[in-house]
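*Asks:* My file is entry_39.pdb. It has PDB, C-alpha atoms and all ligand atoms:
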```pdb
ATOM      1  CA  MET Z 260      11.657  78.132 -97.419
ATOM      2  CA  THR Z 261      11.256  81.512 -99.059
ATOM      3  CA  THR Z 262      11.475  81.984-102.795
ATOM      4  CA  PRO Z 263      14.764  83.666-103.614
ATOM      5  CA  LYS Z 264      14.616  86.988-105.415
ATOM      6  CA  CYS Z 265      16.385  87.750-108.637
ATOM      7  CA  PRO Z 266      19.405  89.968-107.896
ATOM      8  CA  LEU Z 267      19.000  91.768-111.201
ATOM      9  CA  CYS Z 268      15.351  92.707-111.463
ATOM     10  CA  GLY Z 269      13.725  91.674-108.171
ATOM     11  CA  GLY Z 270      11.536  89.074-109.830
ATOM     12  CA  LEU Z 271      11.154  85.649-108.311
ATOM     13  CA  LEU Z 272      13.750  82.980-108.907
ATOM     14  CA  GLU Z 273      11.587  79.944-109.413
ATOM     15  CA  LEU Z 274      12.536  76.310-109.436
ATOM     16  CA  ASP Z 275      12.047  74.697-112.802
ATOM     17  CA  ASP Z 276      11.831  70.941-112.363
ATOM     18  CA  TYR Z 277      10.471  69.911-115.730
ATOM     19  CA  LEU Z 278      13.829  69.902-117.429
ATOM     20  CA  PHE Z 279      15.755  66.983-118.757
ATOM     21  CA  GLN Z 280      19.354  66.857-119.758
ATOM     22  CA  ASN Z 281      20.978  64.274-121.978
ATOM     23  CA  VAL Z 282      23.884  62.691-120.186
ATOM     24  CA  PRO Z 283      26.304  60.846-122.455
ATOM     25  CA  LEU Z 284      26.742  57.183-121.528
ATOM     26  CA  GLY Z 285      29.341  56.470-124.169
ATOM     27  CA  TYR Z 286      28.987  54.581-127.474
ATOM     28  CA  GLY Z 287      26.754  57.393-128.720
ATOM     29  CA  ARG Z 288      24.067  56.634-126.188
ATOM     30  CA  TYR Z 289      22.455  59.137-123.900
ATOM     31  CA  GLU Z 290      20.451  58.935-120.766
ATOM     32  CA  SER Z 291      17.790  61.514-120.134
ATOM     33  CA  ARG Z 292      18.105  62.754-116.588
ATOM     34  CA  GLN Z 293      15.910  65.171-114.730
ATOM     35  CA  VAL Z 294      17.674  68.368-113.688
ATOM     36  CA  TYR Z 295      16.653  71.302-111.553
ATOM     37  CA  ILE Z 296      17.360  74.948-112.113
ATOM     38  CA  TYR Z 297      16.353  78.237-110.564
ATOM     39  CA  GLN Z 298      15.402  80.809-113.126
ATOM     40  CA  CYS Z 299      13.983  84.317-112.893
ATOM     41  CA  SER Z 300      10.434  84.516-114.178
ATOM     42  CA  GLU Z 301      11.045  88.096-115.356
ATOM     43  CA  CYS Z 302      14.489  88.420-116.936
ATOM     44  CA  ARG Z 303      15.408  84.728-117.341
ATOM     45  CA  LEU Z 304      18.556  85.025-115.244
ATOM     46  CA  SER Z 305      19.352  81.474-114.271
ATOM     47  CA  ALA Z 306      21.632  79.598-111.918
ATOM     48  CA  GLU Z 307      23.442  76.382-112.759
ATOM     49  CA  TYR Z 308      21.694  73.057-113.171
ATOM     50  CA  GLY Z 309      21.521  70.862-110.115
ATOM     51  CA  GLU Z 310      20.816  67.149-109.884
ATOM     52  CA  THR Z 311      18.514  67.699-106.931
ATOM     53  CA  PRO Z 312      16.323  70.636-105.907
ATOM     54  CA  GLU Z 313      18.671  71.215-102.951
ATOM     55  CA  GLU Z 314      21.690  71.418-105.202
ATOM     56  CA  ALA Z 315      19.892  73.810-107.530
ATOM     57  CA  ARG Z 316      19.009  75.916-104.511
ATOM     58  CA  ARG Z 317      22.678  76.093-103.497
ATOM     59  CA  TYR Z 318      23.615  77.256-106.991
ATOM     60  CA  ALA Z 319      20.890  79.888-106.832
ATOM     61  CA  GLU Z 320      22.191  81.181-103.520
ATOM     62  CA  GLU Z 321      25.743  81.218-104.852
ATOM     63  CA  LEU Z 322      24.593  83.225-107.823
ATOM     64  CA  ILE Z 323      22.790  85.731-105.600
ATOM     65  CA  SER Z 324      25.813  86.095-103.321
ATOM     66  CA  LYS Z 325      27.921  87.254-106.256
ATOM     67  CA  PHE Z 326      25.845  90.389-106.635
ATOM     68  CA  PRO Z 327      26.537  93.391-104.397
ATOM     69  CA  PRO Z 328      23.734  94.129-101.913
ATOM     70  CA  PHE Z 329      23.001  97.456-103.567
ATOM     71  CA  LEU Z 330      21.881  95.744-106.757
ATOM     72  CA  MET Z 331      19.611  93.398-104.851
ATOM     73  CA  VAL Z 332      17.518  96.125-103.256
ATOM     74  CA  HIS Z 333      14.375  97.130-105.058
ATOM     75  CA  PRO Z 334      11.583  99.671-104.497
ATOM     76  CA  GLY Z 335       9.204  98.381-101.861
ATOM     77  CA  ASP Z 336      11.924  96.625 -99.849
ATOM     78  CA  ASN Z 337      12.494  97.582 -96.232
ATOM     79  CA  LEU Z 338      15.869  98.189 -94.676
ATOM     80  CA  LYS Z 339      17.441  99.732 -91.616
ATOM     81  CA  LEU Z 340      20.149 102.383 -91.542
ATOM     82  CA  ALA Z 341      22.927 102.353 -88.968
ATOM     83  CA  PHE Z 342      21.965 105.730 -87.478
ATOM     84  CA  GLU Z 343      18.159 105.352 -87.536
ATOM     85  CA  ASN Z 344      15.761 103.307 -85.477
ATOM     86  CA  ASP Z 345      13.012 103.324 -88.073
ATOM     87  CA  ILE Z 346      12.636 100.743 -90.769
ATOM     88  CA  LEU Z 347      12.762 102.595 -94.074
ATOM     89  CA  THR Z 348      11.176 101.681 -97.372
ATOM     90  CA  VAL Z 349      13.171 101.878-100.574
ATOM     91  CA  ILE Z 350      11.424 104.124-103.092
ATOM     92  CA  GLY Z 351      14.185 104.291-105.673
ATOM     93  CA  LYS Z 352      17.888 104.179-106.313
ATOM     94  CA  ASP Z 353      20.539 105.782-108.443
ATOM     95  CA  THR Z 354      22.761 102.962-109.600
ATOM     96  CA  ASP Z 355      25.353 105.271-111.190
ATOM     97  CA  ARG Z 356      25.929 107.228-108.007
ATOM     98  CA  GLY Z 357      25.266 104.368-105.582
ATOM     99  CA  LYS Z 358      22.504 106.233-103.771
ATOM    100  CA  LEU Z 359      19.385 104.811-102.189
ATOM    101  CA  TYR Z 360      16.199 106.847-101.861
ATOM    102  CA  LEU Z 361      14.260 105.890 -98.781
ATOM    103  CA  GLU Z 362      11.019 106.874 -97.135
ATOM    104  CA  ASN Z 363      10.209 106.565 -93.459
ATOM    105  CA  CYS Z 364       6.819 105.910 -91.885
ATOM    106  CA  ARG Z 365       6.114 109.665 -91.738
ATOM    107  CA  GLY Z 366       6.675 110.033 -95.462
ATOM    108  CA  ASP Z 367      10.026 111.838 -95.179
ATOM    109  CA  VAL Z 368      12.484 111.037 -97.923
ATOM    110  CA  GLU Z 369      16.088 110.271 -97.106
ATOM    111  CA  ILE Z 370      19.099 109.602 -99.274
ATOM    112  CA  ALA Z 371      21.606 107.032 -98.134
ATOM    113  CA  THR Z 372      24.557 105.107 -99.499
ATOM    114  CA  PRO Z 373      25.063 101.334 -99.124
ATOM    115  CA  ASP Z 374      27.612 102.064 -96.366
ATOM    116  CA  ASP Z 375      24.855 103.589 -94.247
ATOM    117  CA  VAL Z 376      22.811 100.403 -94.284
ATOM    118  CA  ASP Z 377      22.833  98.367 -91.088
ATOM    119  CA  GLN Z 378      20.399  95.639 -92.121
ATOM    120  CA  TRP Z 379      19.456  94.730 -95.672
ATOM    121  CA  PRO Z 380      15.939  93.432 -96.421
ATOM    122  CA  TRP Z 381      16.997  89.786 -96.247
ATOM    123  CA  GLU Z 382      18.786  90.375 -92.946
ATOM    124  CA  LEU Z 383      15.662  91.918 -91.452
ATOM    125  CA  GLU Z 384      13.641  88.856 -92.468
ATOM    126  CA  GLN Z 385      16.159  86.497 -90.901
ATOM    127  CA  LYS Z 386      15.936  88.257 -87.589
ATOM    128  CA  GLY Z 387      12.300  87.331 -87.268
ATOM    129  CA  GLY Z 388       9.511  89.834 -86.851
ATOM    130  CA  SER Z 389       6.017  89.049 -87.970
ATOM    131  CA  ASN Z 390       6.754  85.373 -88.565
ATOM    132  CA  ASP Z 391       7.835  84.761 -84.982
ATOM    133  CA  ILE Z 392       5.412  83.012 -82.701
TER     134      ILE Z 392
HETATM  135 ZN    ZN B   1      15.323  88.799-112.984
END
```
The structure given in the file should be rewritten as structure tokens.
*Replies:*
Amino acid sequence: MTTPKCPLCGGLLELDDYLFQNVPLGYGRYESRQVYIYQCSECRLSAEYGETPEEARRYAEELISKFPPFLMVHPGDNLKLAFENDILTVIGKDTDRGKLYLENCRGDVEIATPDDVDQWPWELEQKGGSNDI
């Protein structure tokens, strides 16, 4: 299982499992229950609390899916454009204009928009590659 990336800053969303939440039992009594949450180690963006690590993971993935792909790409990520065979590396982006600055293996710089992207970094990873045996 890969560590999910923060959709805001590209930091790692890490599972925090040392948290406890007070659950009211009625009559003013509380039970301390362990909860799990994914939180970004950089910007503190966090998903909802889950009662199990799996549930917390689902909340983290839900949170990530609410962000447009463009925001989730960061310098150093690889992606593939629809009209290119090469895998390109993101070197920067212009969030206001929605432009991606990419570099190919020869060092040429290209400018693309999110519509030009065929496979985002996380789609490339899913389709195997170096991890395949
Ligand atoms: Zn973050």
*Asks:* Specify the axis-aligned box that encloses all atoms of stretch 376-382 of chain Z listed in the file after padding of 8 Å on each side, stating its centre and edge lengths in Å to one decimal as lines of an AutoDock Vina configuration file.
*Replies:*
```
center_x = 19.4
center_y = 95.1
center_z = -93.8
size_x = 22.9
size_y = 26.6
size_z = 21.3
```
*Asks:* Counting all atoms listed in the file, name the residues that have an atom within 10 Å of an atom of ligand ZN 1 (chain B); the answer should be given as an MDAnalysis selection string.
*Replies:* chainID Z and resid 264:272 298:305
*Asks:* In Å, with one decimal, what is the gap from atom CA of Z:Gly357 to atom CA of Z:Tyr297?
*Replies:*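 Distance between the two atoms: 28.1 Å.
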*Asks:* Selection in question (the file shown): the PyMOL selection byres (((chain Z and resi 350) around 7) and not hetatm). Which residues does it include, as a PyMOL selection string?
*Replies:* chain Z and resi 334-335+348-349+351+360-362
*Asks:* Between atom CA of Z:Val282 and atom CA of Z:Pro312, what distance in Å does the model show, to one decimal?
*Replies:*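 About the pair atom CA of Z:Val282 and atom CA of Z:Pro312: they are 18.0 Å apart.
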*Asks:* Any chance you could resolve the PyMOL selection byres (((chain Z and resi 368-383) around 12) and not hetatm) against this file and give the residues as a PyMOL selection string?
*Replies:* chain Z and resi 261-264+266+323-324+327-367+384-390
*Asks:* Rounded to one decimal in Å, what is the spacing between atom CA of Z:Glu321 and atom CA of Z:Asn281?
*Replies:*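 Straight-line distance from atom CA of Z:Glu321 to atom CA of Z:Asn281 works out to 24.6 Å.
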*Asks:* On this structure, which residues satisfy the PyMOL selection byres (((chain Z and resi 318) around 9) and not hetatm), written as a list in words?
*Replies:*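 Going through the file, the PyMOL selection byres (((chain Z and resi 318) around 9) and not hetatm) ends up selecting Ile296, Tyr297, Ala306, Glu307, Tyr308, Gly309, Glu313, Glu314, Ala315, Arg316, Arg317, Ala319, Glu320, Glu321, Leu322 and Ile323 of chain Z.
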*Asks:* Residues of the last selection are to be written out with C-alpha atoms, as a short mmCIF file (atom, residue, chain, number, x, y, z; two decimals), in the frame of the given file.
*Replies:*
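Below is the file that was written, out-v7.cif:
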```cif
data_model
loop_
_atom_site.label_atom_id
_atom_site.label_comp_id
_atom_site.auth_asym_id
_atom_site.auth_seq_id
_atom_site.Cartn_x
_atom_site.Cartn_y
_atom_site.Cartn_z
CA ILE Z 296 17.36 74.95 -112.11
CA TYR Z 297 16.35 78.24 -110.56
CA ALA Z 306 21.63 79.60 -111.92
CA GLU Z 307 23.44 76.38 -112.76
CA TYR Z 308 21.69 73.06 -113.17
CA GLY Z 309 21.52 70.86 -110.12
CA GLU Z 313 18.67 71.22 -102.95
CA GLU Z 314 21.69 71.42 -105.20
CA ALA Z 315 19.89 73.81 -107.53
CA ARG Z 316 19.01 75.92 -104.51
CA ARG Z 317 22.68 76.09 -103.50
CA ALA Z 319 20.89 79.89 -106.83
CA GLU Z 320 22.19 81.18 -103.52
CA GLU Z 321 25.74 81.22 -104.85
CA LEU Z 322 24.59 83.22 -107.82
CA ILE Z 323 22.79 85.73 -105.60
#
```
*Asks:* Fewer than 6 positions away in the same chain doesn't count, so skip those; otherwise give me all residues within 12 Å of Z:Ser291, counting only C-alpha atoms, as a list in words.
*Replies:*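 The filter keeps Tyr277, Leu278, Phe279, Gln280, Asn281, Val282, Pro283 and Leu284 of chain Z.
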